[in-house]
Amino acid sequence: MLPVYASSPQEKMHRHAFSNGHSAFPSLAGPGTFHIQPHKFQPRAQSARRRRRQLLIRLGLAVAGAFIFSLFIFPSLRAIFVPIFSLGIFSSTGLSAADSQIETVRYYDLNHVQGSARGWEREERILLCAPLRDAAPHLPMFFSHLRNLTYPHGLIDLGFLVGDSKDNTLELLTQLSEDLQADQDPNMHFGEVSIMEKDFGQKVNQDVESRHGFAAQAGRRKSMAQARNWLLSAALRPTHSWVYWRDVDVETAPFTILEDLMRHNKDIIVPNVWRPLPDWLGGEQPYDLNSWQESETALALAETLDEDAVIVEGYAEYATWRPHLAYLRDPYGDPDMEMEIDGVGGVSILAKARVFRAGVHFPAFSFEKHAETEGFGKMAKRMKFSVVGLPHYTIWHLYEPSVDDIRHMEEMEQERKAKEEEERRRQEMLARIRDQFDNPAQQWDEDKSRIRDMAKKGRNKEGGNSGGGGGPVEM
Amino acid sequence: MPSPRALRRTNPITIALAALLTVGFLFFIFSSASDPAPPPPPTTKERLGSKDAASNPLSPPSLPFRKTSVLKQDGTQAPPPVVHYQMTNLTASADPVGNRETVLILTPMTRFYQGYWDNLLKLSYPHELISLGFITPKTREGNAATAALQEQINKVQSGSKGKRFASVTILRQDTEIPLQSQDEAERHKMENQKMRRAAMSKARNSLLFTTLGPTTSWVLWLDADIVETPASLIQDLAAHDKPVIVPNCFQRYYNDEKKAMDVRPYDFNSWIDSQTAQILAAKMDNDDILLEGYRELPTYRTLMAYMADSNQDLHAEVQLDGVGGTALLVKADVHRDGAMFPPFSFYHLIETEGFAKMASRLGWKSWGLPNYFVYHFNE
């Protein structure tokens, strides 16, 4: 293959001279002067150029190949080079591969989560809240209630706050929730389960007596309110339409309770809460006395109390004469009957999330002389939300015997024991009497029969004699 | 230069480039198919700290989340996880950067001000520790504000990593009383004040209680019309380690008398209570509120706005009974305990002033920095 320029070597000379890196011999003397052109007949220059270029290309290819190979071997390198390679097409957002999976911006329209009467049809999410302290014994029962709920589980997010627990509440709760989310049946799975761990360092005991003693009430209610507020503020999301508060120690409740309460389409609604009792206590009893209608007496009483005082229901110290939801129950009444109330009990509250979004919470201070759930009702009323109770729709709280009850039961037990003891003693006495004194009855019976026999024989003898004289049969 | 035809035809550079591109394309095809960011193993137990990305969109809005949904081994969608939040160890201390404490900046917004956004981006607090929350009304003005806001957010959240915020939440909500105009004169008419501030309280509460996450340490309330603050605002306020702390809100304006730019007090809601105000309040109806800065109702409260003295110590503190909300740093625990912005007359106070009162009922005191300034937009 002859180079094309061979046909016109004259014109090409200088260029090739330059291109191989040597400068042409300077023509200082001007035209006509003799000078040497060292590369005049050396086409070698071309092949050298090609060879060098080829070498460069090979080197370049080798480097590129090695680089791509290294990319395949070390995936971590990719992230660094991806934006360079993709020439801004893939990296138009500037996100590396891992980053593009992270979403940081969220947009919510709160008008879509106002809550309606038929939330399960509109896929409205419910936040189910339960504050827990030393609640391990009740958890298995609580989770069985959760499994039984008929509201679509995927629309229910669970929020728990575990604080100041001395038993294994946290471990058990974790275990049970994980079991729940790992259930074979996908219909059992709930939405997000959040477990907040927060120790407030409360000193109030959670046992029945200290829980219900009058003196401890105000302080206890305030710390309960604090726990509720912490739980709510950490768990409430812009996606929630409803919030349901439920105590873990509810023993019996309808599976459809969420739908039943929701159907009324009220801002805040509570059922009636009773508890079963042993027969000797009357069989059943109103439990939650915190759902009530305000009375003139109570308002007047509130006026007389100082700023930090908290009125608590069900204690002789504060006679409020309020109509309580609990006492209005008729077992055969219409379960859908509604009653306007001012204070609410916290065993089972269904509220629209917008109530909480508007700022209503469980006052951990004395709000209009009330705290916690009663203060919650008061505050909701203040903000013109509807607060309603269902007197004839009843759920049943677990019966935990109070100290009085336990004492009473102990007394009854002792009484029973005393009775048994007495019975036993009587039996013993009888046995001893039997042992010590011979029972003559048998002897008498024997004697009697013997005498009777003797008497019979005697009579027979007599008869035999006379008969023998009168009947000479042997002839 | 006419290069040789033969050479052109066999130019190895072309081949090399083609090969390179082929490999490149293959690389992208395979990398995108086989290498999405490695999905986390499907576990049901998680423990989320303040900087982690949550695994599903049900997570608290103060955290970012992963878009890919977690699949189980059999390919079905895994149920949302059981997430633990350790709130006992959550701190809100004088050294928030050192302790890696997260700040939630909340802004109720009716209008978008570029000055506000630029100032927000200038904050020197590490952006990866900041979550933003906005609430805008569903009005024409609100829609415009939202659109402008979203545009800016997209720019920042897809920009350089150091500038990006941990998460951004935009909420939309109907205001109960649609105000036709946000003009200053209209806005400040006294009759309108109670209604306006009640609606504002509800917007603030909605924003607060839905975005406050279990990992948030501080909440900074920053109004949409605050256009100038020191870049170290969060660090400076937090350094005082107070449950509620408020800087002095001023406004720059053109002083016609001096023929020069000047500053004047703007926010009068930060004050120390007075005997007069107490007596006034005692005589009021239960639902009436006592407002500051109106001639009809002289309260003789000590206003922080007039305590400013730029020659004095920048970090002088003063205890307050009412606070303004234009810029307000609150420890998240105060809100968690229940301190919110009452949309009703609470001790004859409403919104941010009522908030200070409620916080004090819960045992949290409010403080002000009279010589530390932030500046309000001038219309």
# chains A, B, ... in the order shown; residues from 1 in each chain; ligands from 1
$ residues_around --residues "B:Trp367" --least-positions-apart "3" --cutoff "9 Å" --atoms "only C-alpha atoms" --output "number ranges by chain"
B: 242-247, 317-321, 323
$ write_last_selection --atoms "N, CA, C and O atoms" --output "compact mmCIF listing (two decimals), in the first residue's frame"
# COMPACT_ATOMS: atom_id res chain seq x y z
N LYS B 242 -32.71 26.36 77.72
CA LYS B 242 -33.99 26.68 78.35
C LYS B 242 -35.10 25.89 77.66
O LYS B 242 -35.01 25.63 76.46
N PRO B 243 -36.15 25.54 78.40
CA PRO B 243 -37.23 24.78 77.78
C PRO B 243 -37.92 25.54 76.65
O PRO B 243 -38.28 24.96 75.63
N VAL B 244 -38.12 26.85 76.85
CA VAL B 244 -38.74 27.68 75.81
C VAL B 244 -37.93 28.96 75.74
O VAL B 244 -37.72 29.62 76.75
N ILE B 245 -37.43 29.29 74.55
CA ILE B 245 -36.63 30.52 74.45
C ILE B 245 -36.96 31.26 73.16
O ILE B 245 -37.18 30.64 72.11
N VAL B 246 -37.05 32.58 73.27
CA VAL B 246 -37.49 33.37 72.12
C VAL B 246 -36.55 34.56 71.92
O VAL B 246 -36.22 35.26 72.87
N PRO B 247 -36.07 34.77 70.68
CA PRO B 247 -35.26 35.97 70.41
C PRO B 247 -36.18 37.16 70.18
O PRO B 247 -37.40 37.01 70.11
N GLU B 317 -30.49 37.14 79.34
CA GLU B 317 -31.74 36.39 79.40
C GLU B 317 -32.75 37.13 80.26
O GLU B 317 -32.37 37.83 81.19
N VAL B 318 -34.02 36.95 79.93
CA VAL B 318 -35.06 37.51 80.79
C VAL B 318 -36.22 36.52 80.80
O VAL B 318 -36.56 35.93 79.78
N GLN B 319 -36.77 36.29 81.99
CA GLN B 319 -37.87 35.32 82.09
C GLN B 319 -39.16 35.98 81.65
O GLN B 319 -39.44 37.12 82.02
N LEU B 320 -39.96 35.25 80.86
CA LEU B 320 -41.17 35.83 80.27
C LEU B 320 -42.42 35.08 80.70
O LEU B 320 -42.36 33.91 81.11
N ASP B 321 -43.57 35.75 80.58
CA ASP B 321 -44.86 35.10 80.85
C ASP B 321 -45.63 34.82 79.57
O ASP B 321 -46.50 33.97 79.53
N VAL B 323 -44.98 34.50 75.15
CA VAL B 323 -43.96 34.50 74.11
C VAL B 323 -44.61 34.68 72.73
O VAL B 323 -45.77 34.35 72.54
$ select_by_dssp --residues "stretch 107-303 of chain A" --states "strand (DSSP E)" --output "ChimeraX atom specification"
/A:107-109,125-132,156-162,193-197,240-246,250-252,268-276,284-286
$ residues_around --residues "B:Gln86" --least-positions-apart "6" --cutoff "7 Å" --atoms "only C-alpha atoms" --output "list in words"
Met196, Glu197 and Lys198 of chain A
$ interface_residues --of "chain A" --to "chain B" --cutoff "7 Å" --atoms "only C-alpha atoms" --output "MDAnalysis selection string"
chainID A and resid 57 61 93:95 97:98 101:111 177:178 181 189 191:199 226 229:230 233:234 236:238 357:359 361 363:365 383
$ closest_residue --among "A:Met412, A:Met224, A:Leu172, A:Leu155" --to "A:Arg122" --atoms "only C-alpha atoms"
A:Leu155
$ residues_around --residues "stretch 263-276 of chain A" --least-positions-apart "6" --cutoff "6 Å" --atoms "only C-alpha atoms" --output "ChimeraX atom specification"
/A:117,283-288,326,349-352,385-391,393-397,399
$ decode --residues "stretch 57-181 of chain B" --atoms "C-alpha atoms" --output "JSON list (two decimals), in the first residue's frame"
[["chain", "number", "residue", "atom", "x", "y", "z"],
["B", 57, "PRO", "CA", -43.90, 5.37, 54.57],
["B", 58, "LEU", "CA", -45.93, 4.83, 57.74],
["B", 59, "SER", "CA", -42.89, 5.98, 59.70],
["B", 60, "PRO", "CA", -42.70, 9.31, 61.54],
["B", 61, "PRO", "CA", -42.49, 12.21, 59.07],
["B", 62, "SER", "CA", -39.42, 13.49, 60.88],
["B", 63, "LEU", "CA", -37.46, 10.61, 59.35],
["B", 64, "PRO", "CA", -36.70, 9.84, 55.71],
["B", 65, "PHE", "CA", -37.86, 6.47, 54.47],
["B", 66, "ARG", "CA", -36.83, 3.89, 51.88],
["B", 67, "LYS", "CA", -39.06, 3.81, 48.84],
["B", 68, "THR", "CA", -38.59, 0.13, 48.02],
["B", 69, "SER", "CA", -40.98, -1.96, 49.99],
["B", 70, "VAL", "CA", -39.53, -4.82, 51.91],
["B", 71, "LEU", "CA", -40.36, -8.23, 50.46],
["B", 72, "LYS", "CA", -40.40, -11.49, 52.27],
["B", 73, "GLN", "CA", -38.55, -14.56, 51.00],
["B", 74, "ASP", "CA", -41.61, -15.76, 49.12],
["B", 75, "GLY", "CA", -41.94, -12.43, 47.35],
["B", 76, "THR", "CA", -45.04, -11.19, 49.15],
["B", 77, "GLN", "CA", -45.10, -7.83, 50.82],
["B", 78, "ALA", "CA", -43.74, -8.01, 54.36],
["B", 79, "PRO", "CA", -45.92, -6.50, 57.08],
["B", 80, "PRO", "CA", -44.72, -3.21, 58.55],
["B", 81, "PRO", "CA", -42.10, -3.81, 61.22],
["B", 82, "VAL", "CA", -42.25, -3.52, 64.98],
["B", 83, "VAL", "CA", -40.19, -0.41, 65.63],
["B", 84, "HIS", "CA", -38.64, 0.49, 68.95],
["B", 85, "TYR", "CA", -37.92, 4.09, 69.89],
["B", 86, "GLN", "CA", -35.67, 4.75, 72.84],
["B", 87, "MET", "CA", -37.11, 7.95, 74.23],
["B", 88, "THR", "CA", -35.56, 7.75, 77.67],
["B", 89, "ASN", "CA", -32.12, 8.63, 76.29],
["B", 90, "LEU", "CA", -33.38, 11.44, 74.09],
["B", 91, "THR", "CA", -31.63, 14.66, 75.09],
["B", 92, "ALA", "CA", -32.13, 18.35, 74.42],
["B", 93, "SER", "CA", -28.93, 19.87, 75.70],
["B", 94, "ALA", "CA", -26.83, 23.03, 75.47],
["B", 95, "ASP", "CA", -24.59, 21.32, 72.89],
["B", 96, "PRO", "CA", -27.07, 20.07, 70.29],
["B", 97, "VAL", "CA", -24.50, 19.61, 67.51],
["B", 98, "GLY", "CA", -22.14, 17.68, 69.74],
["B", 99, "ASN", "CA", -24.92, 15.42, 70.94],
["B", 100, "ARG", "CA", -26.34, 15.02, 67.42],
["B", 101, "GLU", "CA", -29.79, 16.24, 68.46],
["B", 102, "THR", "CA", -32.42, 16.60, 65.80],
["B", 103, "VAL", "CA", -34.32, 19.82, 65.26],
["B", 104, "LEU", "CA", -37.77, 20.07, 63.74],
["B", 105, "ILE", "CA", -38.35, 23.45, 62.10],
["B", 106, "LEU", "CA", -42.07, 24.17, 61.82],
["B", 107, "THR", "CA", -43.53, 26.90, 59.66],
["B", 108, "PRO", "CA", -47.19, 27.68, 59.08],
["B", 109, "MET", "CA", -47.14, 29.30, 55.67],
["B", 110, "THR", "CA", -49.70, 31.34, 53.78],
["B", 111, "ARG", "CA", -47.24, 33.07, 51.49],
["B", 112, "PHE", "CA", -43.86, 32.01, 50.25],
["B", 113, "TYR", "CA", -41.05, 34.48, 50.83],
["B", 114, "GLN", "CA", -37.79, 33.82, 49.01],
["B", 115, "GLY", "CA", -36.03, 35.66, 51.83],
["B", 116, "TYR", "CA", -37.30, 33.13, 54.32],
["B", 117, "TRP", "CA", -36.06, 30.20, 52.26],
["B", 118, "ASP", "CA", -32.66, 31.71, 51.57],
["B", 119, "ASN", "CA", -32.25, 32.42, 55.25],
["B", 120, "LEU", "CA", -33.28, 28.88, 56.12],
["B", 121, "LEU", "CA", -30.63, 27.46, 53.80],
["B", 122, "LYS", "CA", -28.01, 29.64, 55.45],
["B", 123, "LEU", "CA", -28.58, 28.10, 58.89],
["B", 124, "SER", "CA", -25.29, 26.59, 59.98],
["B", 125, "TYR", "CA", -26.85, 23.80, 62.01],
["B", 126, "PRO", "CA", -26.05, 20.47, 60.25],
["B", 127, "HIS", "CA", -28.84, 20.06, 57.74],
["B", 128, "GLU", "CA", -28.93, 16.28, 58.12],
["B", 129, "LEU", "CA", -30.15, 16.89, 61.68],
["B", 130, "ILE", "CA", -32.95, 19.22, 60.57],
["B", 131, "SER", "CA", -36.44, 18.13, 59.57],
["B", 132, "LEU", "CA", -38.80, 20.67, 58.09],
["B", 133, "GLY", "CA", -42.56, 20.86, 58.48],
["B", 134, "PHE", "CA", -44.90, 23.20, 56.65],
["B", 135, "ILE", "CA", -48.62, 23.67, 56.74],
["B", 136, "THR", "CA", -50.36, 25.71, 54.08],
["B", 137, "PRO", "CA", -54.05, 26.54, 53.77],
["B", 138, "LYS", "CA", -56.10, 25.20, 50.87],
["B", 139, "THR", "CA", -56.74, 28.56, 49.33],
["B", 140, "ARG", "CA", -55.52, 30.11, 46.12],
["B", 141, "GLU", "CA", -52.80, 31.90, 48.03],
["B", 142, "GLY", "CA", -51.91, 28.70, 49.82],
["B", 143, "ASN", "CA", -51.70, 26.77, 46.56],
["B", 144, "ALA", "CA", -49.32, 29.33, 45.13],
["B", 145, "ALA", "CA", -47.20, 29.21, 48.27],
["B", 146, "THR", "CA", -47.14, 25.41, 48.17],
["B", 147, "ALA", "CA", -46.08, 25.34, 44.54],
["B", 148, "ALA", "CA", -43.27, 27.82, 45.15],
["B", 149, "LEU", "CA", -42.21, 25.93, 48.26],
["B", 150, "GLN", "CA", -42.17, 22.56, 46.50],
["B", 151, "GLU", "CA", -40.04, 23.94, 43.72],
["B", 152, "GLN", "CA", -37.46, 25.18, 46.20],
["B", 153, "ILE", "CA", -37.60, 21.97, 48.21],
["B", 154, "ASN", "CA", -36.98, 19.84, 45.14],
["B", 155, "LYS", "CA", -34.02, 21.98, 44.26],
["B", 156, "VAL", "CA", -32.46, 21.61, 47.68],
["B", 157, "GLN", "CA", -33.33, 17.97, 48.34],
["B", 158, "SER", "CA", -31.80, 16.92, 45.04],
["B", 159, "GLY", "CA", -28.83, 19.23, 45.39],
["B", 160, "SER", "CA", -25.55, 18.67, 47.14],
["B", 161, "LYS", "CA", -25.69, 16.28, 50.02],
["B", 162, "GLY", "CA", -24.50, 18.65, 52.70],
["B", 163, "LYS", "CA", -27.35, 21.05, 51.97],
["B", 164, "ARG", "CA", -30.13, 18.49, 52.03],
["B", 165, "PHE", "CA", -32.48, 18.34, 55.01],
["B", 166, "ALA", "CA", -33.24, 15.04, 56.73],
["B", 167, "SER", "CA", -36.89, 15.19, 55.73],
["B", 168, "VAL", "CA", -39.52, 17.64, 54.62],
["B", 169, "THR", "CA", -43.25, 17.38, 55.29],
["B", 170, "ILE", "CA", -45.86, 19.54, 53.64],
["B", 171, "LEU", "CA", -49.36, 19.49, 55.09],
["B", 172, "ARG", "CA", -52.43, 21.04, 53.57],
["B", 173, "GLN", "CA", -55.43, 21.96, 55.65],
["B", 174, "ASP", "CA", -58.52, 24.07, 55.28],
["B", 175, "THR", "CA", -58.47, 27.05, 57.54],
["B", 176, "GLU", "CA", -61.75, 27.47, 59.30],
["B", 177, "ILE", "CA", -62.08, 31.15, 58.53],
["B", 178, "PRO", "CA", -60.75, 31.87, 55.09],
["B", 179, "LEU", "CA", -59.16, 35.26, 55.33],
["B", 180, "GLN", "CA", -59.52, 37.11, 52.07],
["B", 181, "SER", "CA", -56.49, 39.21, 52.56]]
